[in-house]
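Encoded as structure tokens, the structure appears first; notes follow it.
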Amino acid sequence: TAGITQAPTSQILAAGRSMTLRCTQDMRHNAMYWYRQDLGLGLRLIHYSNTAGTTGKGEVPDGYSVSRANTDDFPLTLASAVPSQTSVYFCASSLDGAYNEQFFGPGTRLTVL
Amino acid sequence: GQQVMQIPQYQHVQEGEDFTTYCNSSTTLSNIQWYKQRPGGHPVFLIQLVKSGEVKKQKRLTFQFGEAKKNSSLHITATQTTDVGTYFCAGRVLLEANAGKSTFGDGTTLTVKP
């Protein structure tokens with residue numbers, strides 16, 4: 001089984017451009033999450049979804065949007081990228097949003113110039 | 001909002017020495033999870049603690065959850081080079097029955113000198 005996949009692996013993006021980071025899981029998990037990890041820091045929650053059709057804001061949601069049209073996919077969109085969005089982005093999923101472990105994807109390394 | 005502090009930020013040990021990282025939350029948690037991230041990798045789940053005062057062991061790793069459910073620790077006995085990585089705690093508060101949000105600490109990066 002693939003588990004949780006992310007695409008692209010890495011990307012260099014010009015400031016002001018838009019981009020969608022893709023995340024897909026095949027574990028039929030209800031909850032999905034997007035985190036960013038800056039050098040030397042922990043993971044900060046951007047947006048989350050506890051079930052298909054619902055989303056919520058995390059600690060650092062500004063400049064990002066998400067959608068959860070189905071169980072498997074949870075894309076993250078940067079409408080107009082800025083250099084401060086340079087980071088490694090991790091998507092994660094868990095069976096539910098309360099007591100289950102989170103499975104992380106391999107990450108997307110994004111550089112905004 | 002909820003804050004989770006983790007100390008120390010870095011720890012360098014000689015192989016065979018013990019290692020401990022501490023996690024403190026500004027709010028009472030429903031549960032706490034611990035993850036390990038190897039350099040260049042993604043976080044991997046280690047364990048979850050739910051009950052007040054809970055202690056769990058995994059071989060050389062001992063995890064504790066405080067009585068007030070606001071702090072936790074991870075202790076590694078006799079470190080090995082394979083223990084190298086960054087250890088994160090993630091404190092979770094429930095929003096409703098099956099939903100919650102996790103706040104990660106900034107992690108403790110462990111290096112082990114052979």
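The way I read the labels, and the way they are meant: chains A, B, ... in the order of the structure tokens, residue 1 as the first residue of every chain, and ligand 1 as the first ligand shown, with later ones counted on from there.
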
Inset, instruction - Write out as a PyMOL selection string every residue belonging to chain A that has an atom at most 7 Å from any atom of chain B, counting only C-alpha atoms. - result: chain A and resi 41-44+50+96-98+101-102+104-107

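Within the 6 Å cut-off around stretch 68-79 of chain B, using only C-alpha atoms and omitting residues fewer than 4 positions from it on the same chain, the listed residues are Glu15, Gly16, Glu17, Asp18, Phe19, Thr20, Thr21, Tyr22, Cys23, Asn24, Ser25, Thr28, Leu29, Ser52, Arg60, Leu61, Thr62, Phe63 and Gln64 of chain B.
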
Keeping all heavy atoms, export the residues of the selection given above as a short mmCIF file (atom, residue, chain, number, x, y, z; two decimals), in the first residue's frame.
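Listing of part-v3.cif after writing:
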data_model
loop_
_atom_site.label_atom_id
_atom_site.label_comp_id
_atom_site.auth_asym_id
_atom_site.auth_seq_id
_atom_site.Cartn_x
_atom_site.Cartn_y
_atom_site.Cartn_z
N GLU B 15 27.75 7.90 23.18
CA GLU B 15 27.03 6.63 23.08
C GLU B 15 27.08 5.91 24.43
O GLU B 15 28.13 5.79 25.05
CB GLU B 15 27.63 5.75 21.99
CG GLU B 15 26.82 4.51 21.70
CD GLU B 15 27.34 3.76 20.49
OE1 GLU B 15 28.51 3.93 20.13
OE2 GLU B 15 26.55 2.99 19.88
N GLY B 16 25.92 5.44 24.86
CA GLY B 16 25.84 4.77 26.15
C GLY B 16 25.27 5.64 27.26
O GLY B 16 24.84 5.13 28.30
N GLU B 17 25.32 6.96 27.06
CA GLU B 17 24.74 7.87 28.05
C GLU B 17 23.22 7.91 27.90
O GLU B 17 22.66 7.53 26.87
CB GLU B 17 25.32 9.27 27.90
CG GLU B 17 26.78 9.37 28.25
CD GLU B 17 27.33 10.78 28.11
OE1 GLU B 17 26.74 11.58 27.37
OE2 GLU B 17 28.36 11.07 28.76
N ASP B 18 22.55 8.39 28.93
CA ASP B 18 21.10 8.52 28.89
C ASP B 18 20.70 9.88 28.31
O ASP B 18 21.51 10.83 28.28
CB ASP B 18 20.51 8.38 30.29
CG ASP B 18 20.65 6.98 30.84
OD1 ASP B 18 21.14 6.08 30.12
OD2 ASP B 18 20.28 6.78 32.02
N PHE B 19 19.45 9.98 27.89
CA PHE B 19 18.92 11.20 27.27
C PHE B 19 17.47 11.40 27.71
O PHE B 19 16.71 10.43 27.78
CB PHE B 19 18.99 11.06 25.75
CG PHE B 19 18.07 11.98 24.98
CD1 PHE B 19 18.37 13.31 24.82
CD2 PHE B 19 16.90 11.48 24.40
CE1 PHE B 19 17.52 14.15 24.11
CE2 PHE B 19 16.05 12.31 23.69
CZ PHE B 19 16.36 13.64 23.54
N THR B 20 17.12 12.65 28.00
CA THR B 20 15.74 12.96 28.36
C THR B 20 15.31 14.25 27.69
O THR B 20 16.07 15.22 27.66
CB THR B 20 15.57 13.10 29.88
OG1 THR B 20 16.03 11.93 30.54
CG2 THR B 20 14.09 13.31 30.22
N THR B 21 14.11 14.26 27.16
CA THR B 21 13.50 15.47 26.62
C THR B 21 12.17 15.69 27.32
O THR B 21 11.46 14.73 27.65
CB THR B 21 13.32 15.40 25.09
OG1 THR B 21 12.59 16.56 24.65
CG2 THR B 21 12.58 14.15 24.66
N TYR B 22 11.85 16.97 27.56
CA TYR B 22 10.67 17.33 28.34
C TYR B 22 9.73 18.19 27.51
O TYR B 22 10.16 19.04 26.73
CB TYR B 22 11.09 18.12 29.59
CG TYR B 22 12.02 17.37 30.51
CD1 TYR B 22 13.39 17.47 30.36
CD2 TYR B 22 11.52 16.57 31.51
CE1 TYR B 22 14.26 16.79 31.19
CE2 TYR B 22 12.37 15.87 32.36
CZ TYR B 22 13.74 15.99 32.20
OH TYR B 22 14.59 15.31 33.03
N CYS B 23 8.47 18.00 27.76
CA CYS B 23 7.43 18.69 27.02
C CYS B 23 6.42 19.29 28.00
O CYS B 23 5.96 18.58 28.91
CB CYS B 23 6.76 17.65 26.12
SG CYS B 23 5.61 18.31 24.94
N ASN B 24 6.11 20.58 27.85
CA ASN B 24 5.17 21.24 28.74
C ASN B 24 4.13 22.01 27.95
O ASN B 24 4.47 22.78 27.06
CB ASN B 24 5.90 22.20 29.68
CG ASN B 24 6.77 21.48 30.66
OD1 ASN B 24 6.31 20.88 31.61
ND2 ASN B 24 8.07 21.51 30.43
N SER B 25 2.87 21.79 28.32
CA SER B 25 1.76 22.45 27.63
C SER B 25 1.17 23.56 28.50
O SER B 25 1.13 23.44 29.73
CB SER B 25 0.67 21.43 27.30
OG SER B 25 -0.50 22.08 26.84
N THR B 28 -4.38 21.91 29.60
CA THR B 28 -4.55 20.48 29.87
C THR B 28 -4.83 19.75 28.56
O THR B 28 -5.62 20.20 27.73
CB THR B 28 -5.72 20.26 30.84
OG1 THR B 28 -5.44 20.97 32.05
CG2 THR B 28 -5.88 18.77 31.17
N LEU B 29 -4.17 18.62 28.40
CA LEU B 29 -4.26 17.87 27.14
C LEU B 29 -5.18 16.66 27.27
O LEU B 29 -5.34 16.09 28.35
CB LEU B 29 -2.86 17.39 26.74
CG LEU B 29 -1.81 18.49 26.55
CD1 LEU B 29 -0.43 17.86 26.41
CD2 LEU B 29 -2.14 19.34 25.35
N SER B 52 -3.76 10.15 32.91
CA SER B 52 -2.99 10.91 33.87
C SER B 52 -1.98 10.00 34.57
O SER B 52 -2.35 8.92 35.04
CB SER B 52 -3.94 11.53 34.90
OG SER B 52 -3.24 12.09 35.96
N ARG B 60 14.37 0.56 25.23
CA ARG B 60 15.17 1.52 26.00
C ARG B 60 14.47 2.87 26.18
O ARG B 60 15.01 3.77 26.82
CB ARG B 60 16.51 1.72 25.32
CG ARG B 60 17.40 0.47 25.30
CD ARG B 60 18.72 0.74 24.56
NE ARG B 60 18.48 0.99 23.14
CZ ARG B 60 18.53 2.18 22.59
NH1 ARG B 60 18.83 3.26 23.33
NH2 ARG B 60 18.31 2.32 21.30
N LEU B 61 13.28 3.04 25.63
CA LEU B 61 12.56 4.31 25.70
C LEU B 61 11.46 4.23 26.75
O LEU B 61 10.69 3.28 26.79
CB LEU B 61 11.93 4.64 24.35
CG LEU B 61 12.81 5.28 23.28
CD1 LEU B 61 13.98 4.38 22.87
CD2 LEU B 61 11.99 5.66 22.06
N THR B 62 11.40 5.26 27.62
CA THR B 62 10.36 5.36 28.63
C THR B 62 9.64 6.69 28.47
O THR B 62 10.28 7.74 28.44
CB THR B 62 10.94 5.27 30.05
OG1 THR B 62 11.63 4.03 30.20
CG2 THR B 62 9.83 5.35 31.09
N PHE B 63 8.33 6.61 28.37
CA PHE B 63 7.49 7.79 28.17
C PHE B 63 6.60 7.98 29.40
O PHE B 63 6.04 7.02 29.92
CB PHE B 63 6.59 7.61 26.94
CG PHE B 63 7.33 7.30 25.67
CD1 PHE B 63 7.72 6.01 25.37
CD2 PHE B 63 7.63 8.32 24.77
CE1 PHE B 63 8.40 5.72 24.20
CE2 PHE B 63 8.30 8.03 23.59
CZ PHE B 63 8.69 6.73 23.31
N GLN B 64 6.48 9.25 29.84
CA GLN B 64 5.63 9.55 30.99
C GLN B 64 4.68 10.69 30.66
O GLN B 64 5.04 11.62 29.94
CB GLN B 64 6.49 9.94 32.19
CG GLN B 64 7.33 8.81 32.75
CD GLN B 64 8.04 9.21 34.04
OE1 GLN B 64 8.45 10.35 34.20
NE2 GLN B 64 8.18 8.27 34.95
#

Inset, instruction - Excluding A:Ile12 and residues on its chain fewer than 4 positions from it, collect all residues at most 12 Å away from it, counting only C-alpha atoms, and give them as a VMD selection string. - result: chain A and resid 8 17 to 19 81 to 83 85 to 88 108 to 113

Once you have the residues from the selection above, write them out as a PDB file, in the first residue's frame, restricted to N, CA and C atoms.
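Result written to out05.pdb:
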ATOM      1  N   PRO A   8       4.422  18.055  -5.565  1.00  0.00           N
ATOM      2  CA  PRO A   8       5.690  17.480  -5.980  1.00  0.00           C
ATOM      3  C   PRO A   8       6.612  17.231  -4.790  1.00  0.00           C
ATOM      4  N   ARG A  17       3.198  33.897  -7.659  1.00  0.00           N
ATOM      5  CA  ARG A  17       2.559  32.804  -8.391  1.00  0.00           C
ATOM      6  C   ARG A  17       1.733  31.948  -7.442  1.00  0.00           C
ATOM      7  N   SER A  18       0.797  31.220  -7.990  1.00  0.00           N
ATOM      8  CA  SER A  18      -0.018  30.305  -7.191  1.00  0.00           C
ATOM      9  C   SER A  18       0.477  28.879  -7.384  1.00  0.00           C
ATOM     10  N   MET A  19       0.162  28.054  -6.423  1.00  0.00           N
ATOM     11  CA  MET A  19       0.586  26.659  -6.500  1.00  0.00           C
ATOM     12  C   MET A  19      -0.295  25.804  -5.605  1.00  0.00           C
ATOM     13  N   ALA A  81       2.119  33.257  -3.713  1.00  0.00           N
ATOM     14  CA  ALA A  81       3.217  32.866  -2.831  1.00  0.00           C
ATOM     15  C   ALA A  81       4.111  34.050  -2.462  1.00  0.00           C
ATOM     16  N   VAL A  82       4.613  33.997  -1.215  1.00  0.00           N
ATOM     17  CA  VAL A  82       5.570  34.992  -0.724  1.00  0.00           C
ATOM     18  C   VAL A  82       6.793  34.256  -0.182  1.00  0.00           C
ATOM     19  N   PRO A  83       7.965  34.908  -0.145  1.00  0.00           N
ATOM     20  CA  PRO A  83       9.188  34.227   0.305  1.00  0.00           C
ATOM     21  C   PRO A  83       9.075  33.594   1.697  1.00  0.00           C
ATOM     22  N   GLN A  85       6.864  31.865   2.792  1.00  0.00           N
ATOM     23  CA  GLN A  85       6.243  30.547   2.679  1.00  0.00           C
ATOM     24  C   GLN A  85       7.231  29.473   2.252  1.00  0.00           C
ATOM     25  N   THR A  86       8.482  29.848   2.106  1.00  0.00           N
ATOM     26  CA  THR A  86       9.535  28.866   1.876  1.00  0.00           C
ATOM     27  C   THR A  86       9.619  27.957   3.090  1.00  0.00           C
ATOM     28  N   SER A  87       9.451  26.659   2.859  1.00  0.00           N
ATOM     29  CA  SER A  87       9.380  25.724   3.977  1.00  0.00           C
ATOM     30  C   SER A  87       9.290  24.302   3.434  1.00  0.00           C
ATOM     31  N   VAL A  88       9.306  23.354   4.340  1.00  0.00           N
ATOM     32  CA  VAL A  88       8.967  21.974   3.995  1.00  0.00           C
ATOM     33  C   VAL A  88       7.547  21.725   4.482  1.00  0.00           C
ATOM     34  N   THR A 108       6.989  18.061   0.938  1.00  0.00           N
ATOM     35  CA  THR A 108       7.289  18.854  -0.256  1.00  0.00           C
ATOM     36  C   THR A 108       8.161  20.024   0.166  1.00  0.00           C
ATOM     37  N   ARG A 109       9.323  20.131  -0.447  1.00  0.00           N
ATOM     38  CA  ARG A 109      10.220  21.248  -0.143  1.00  0.00           C
ATOM     39  C   ARG A 109       9.931  22.367  -1.112  1.00  0.00           C
ATOM     40  N   LEU A 110       9.421  23.482  -0.604  1.00  0.00           N
ATOM     41  CA  LEU A 110       9.022  24.610  -1.439  1.00  0.00           C
ATOM     42  C   LEU A 110       9.927  25.800  -1.173  1.00  0.00           C
ATOM     43  N   THR A 111      10.451  26.356  -2.255  1.00  0.00           N
ATOM     44  CA  THR A 111      11.258  27.579  -2.176  1.00  0.00           C
ATOM     45  C   THR A 111      10.564  28.663  -2.981  1.00  0.00           C
ATOM     46  N   VAL A 112      10.288  29.781  -2.334  1.00  0.00           N
ATOM     47  CA  VAL A 112       9.645  30.916  -3.004  1.00  0.00           C
ATOM     48  C   VAL A 112      10.671  32.036  -3.145  1.00  0.00           C
ATOM     49  N   LEU A 113      10.932  32.417  -4.376  1.00  0.00           N
ATOM     50  CA  LEU A 113      11.961  33.434  -4.637  1.00  0.00           C
ATOM     51  C   LEU A 113      11.344  34.771  -5.033  1.00  0.00           C
TER      52      LEU A 113
END

Legend entry - Coordinates-based distance that separates atom CA of B:Gly91 from atom CA of A:Ala52 (Å, one decimal): 23.6 Å

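Note that the spacing between atom CA of A:Asp72 and atom CA of A:Ser49 amounts to 11.4 Å.
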
Inset, instruction - Do a neighbour search on A:Arg68 at 10 Å with only C-alpha atoms, toss out local chain neighbours closer than 6 positions, and write the hits as a PyMOL selection string. - result: chain A and resi 32+48-55+74-76

Could those residues be written to a file, using N, CA and C atoms, as a compact mmCIF listing (two decimals), in the first residue's frame?
# COMPACT_ATOMS: atom_id res chain seq x y z
N MET A 32 -7.25 14.58 8.10
CA MET A 32 -6.03 14.93 7.37
C MET A 32 -5.56 16.29 7.81
N TYR A 48 -6.60 21.75 8.84
CA TYR A 48 -6.91 20.37 9.09
C TYR A 48 -8.32 20.07 8.61
N SER A 49 -8.60 18.77 8.50
CA SER A 49 -9.94 18.33 8.13
C SER A 49 -10.24 17.07 8.93
N ASN A 50 -11.30 17.08 9.69
CA ASN A 50 -11.64 15.92 10.50
C ASN A 50 -12.49 14.91 9.75
N THR A 51 -13.09 15.33 8.65
CA THR A 51 -13.84 14.41 7.82
C THR A 51 -14.08 15.07 6.47
N ALA A 52 -14.34 14.26 5.46
CA ALA A 52 -14.57 14.81 4.12
C ALA A 52 -15.69 15.84 4.17
N GLY A 53 -15.44 16.98 3.50
CA GLY A 53 -16.44 18.04 3.45
C GLY A 53 -16.27 19.11 4.49
N THR A 54 -15.38 18.90 5.46
CA THR A 54 -15.14 19.89 6.51
C THR A 54 -13.67 20.23 6.61
N THR A 55 -13.37 21.49 6.91
CA THR A 55 -11.99 21.91 7.13
C THR A 55 -11.95 22.89 8.28
N PHE A 74 -6.43 15.89 -0.13
CA PHE A 74 -6.46 17.09 0.71
C PHE A 74 -5.44 18.08 0.15
N PRO A 75 -5.75 18.77 -0.95
CA PRO A 75 -4.80 19.70 -1.55
C PRO A 75 -4.67 21.00 -0.77
N LEU A 76 -3.46 21.54 -0.79
CA LEU A 76 -3.15 22.82 -0.15
C LEU A 76 -2.78 23.82 -1.23

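Compared by their closest atoms to B:Thr81, and using only C-alpha atoms, the residues B:Val112, B:Pro8, B:Ser26, B:Gln14 rank with B:Val112 nearest.
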
Inset, instruction - Identify, with DSSP run on backbone atoms, the residues in chain A assigned to strand (DSSP E), and express the list as an NGL selection string. - result: :A and (4-7 or 10-13 or 19-25 or 31-37 or 43-49 or 56-57 or 64-66 or 76-78 or 87-94 or 103-104 or 108-112)

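Taking atom CA of B:Lys56 and atom CA of A:Tyr35 as the two end points, the separation is 27.2 Å.
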
Inset, instruction - Excluding A:Asp26 and residues on its chain fewer than 3 positions from it, collect all residues at most 10 Å away from it, counting only C-alpha atoms, and give them as a list in words. - result: Thr1, Ala2, Gly3, Ile4, Thr5, His29, Thr71, Asp72, Asp73 and Ser93 of chain A
